[in-house]
Amino acid sequence: MPIIKSAKKRVKTANRAAIRNSKTKRTLKEALKSFQAAVTSGKKIEEAHSQAQSALDTAAKKNILHKNKVARKKAQLSKAAKAAGAKPVKKAAKTATKPKAAAKPAAKATPKKAAAKKPAVKKATTAKKPAAKKTPAKK
């Protein structure tokens, strides 16, 4: 057991992270197994494929699996799904555009006289320090 306070804290946070990582690993394994079962049975392959890809992406995002390993696994899943006769799963493209903002009413025009009466605001200038005096070196 650690003695130092910061080491005790690291043990606690490491335990929390281990629990979180094990949950992600478990869901990944379940998704992959359900995909394999779907491929062998030939039912709901597309749905199982998308769930497995989603679980792989989550594992990559949380740094549980390396991104290259995830890419390799996803390619293997796609190949297996295609061999089983499933249609390729494509993620929906983000074609939805942002809703247009309502037209803003025109700003009130300020009369020229009122604008002329306002004093001009000067920017505060910072004073520079004078350069340090050079003193001759003592011998």
# chains A, B, ... in the order shown; residues from 1 in each chain; ligands from 1
call {"tool": "residues_around", "arguments": {"residues": "Ala75 in chain A", "least_positions_apart": "4", "cutoff": "12 Å", "atoms": "only C-alpha atoms", "output": "list in words"}}
result
His49, Ala52, Gln53, Leu56, Asn68, Lys69, Val70, Ala71, Lys79, Ala80, Ala81, Lys82, Pro88 and Val89 of chain A
call {"tool": "closest_atom_pairs", "arguments": {"of": "range 61-87 of chain A", "to": "range 39-46 of chain A", "cutoff": "7 Å", "atoms": "only C-alpha atoms", "output": "tab-separated table"}}
result
residue	atom	partner	partner_atom	distance
A:Ala81	CA	A:Val39	CA	6.7
A:Ala84	CA	A:Val39	CA	6.1
A:Ala86	CA	A:Ile45	CA	6.2
A:Lys87	CA	A:Glu46	CA	6.9
call {"tool": "write_last_selection", "arguments": {"atoms": "N, CA, C and O atoms", "output": "PDB file, in the first residue's frame"}}
result
ATOM      1  N   ALA A  81     -18.845  -9.757 -43.198  1.00  0.00           N
ATOM      2  CA  ALA A  81     -20.240  -9.422 -43.460  1.00  0.00           C
ATOM      3  C   ALA A  81     -20.552  -9.528 -44.948  1.00  0.00           C
ATOM      4  O   ALA A  81     -21.606 -10.034 -45.343  1.00  0.00           O
ATOM      5  N   ALA A  84     -20.854 -13.050 -45.968  1.00  0.00           N
ATOM      6  CA  ALA A  84     -22.097 -13.651 -45.489  1.00  0.00           C
ATOM      7  C   ALA A  84     -23.302 -13.165 -46.286  1.00  0.00           C
ATOM      8  O   ALA A  84     -24.405 -13.674 -46.104  1.00  0.00           O
ATOM      9  N   ALA A  86     -24.308  -9.784 -46.571  1.00  0.00           N
ATOM     10  CA  ALA A  86     -24.935  -8.576 -46.031  1.00  0.00           C
ATOM     11  C   ALA A  86     -24.612  -7.387 -46.925  1.00  0.00           C
ATOM     12  O   ALA A  86     -23.578  -7.356 -47.588  1.00  0.00           O
ATOM     13  N   LYS A  87     -25.507  -6.440 -46.925  1.00  0.00           N
ATOM     14  CA  LYS A  87     -25.262  -5.216 -47.668  1.00  0.00           C
ATOM     15  C   LYS A  87     -24.263  -4.370 -46.891  1.00  0.00           C
ATOM     16  O   LYS A  87     -24.262  -4.376 -45.666  1.00  0.00           O
TER      17      LYS A  87
END
call {"tool": "atom_distance", "arguments": {"atom1": "CA of Arg10 in chain A", "atom2": "CA of Lys29 in chain A"}}
result
27.9 Å
call {"tool": "atom_distance", "arguments": {"atom1": "CA of Leu28 in chain A", "atom2": "CA of Ser54 in chain A"}}
result
8.8 Å
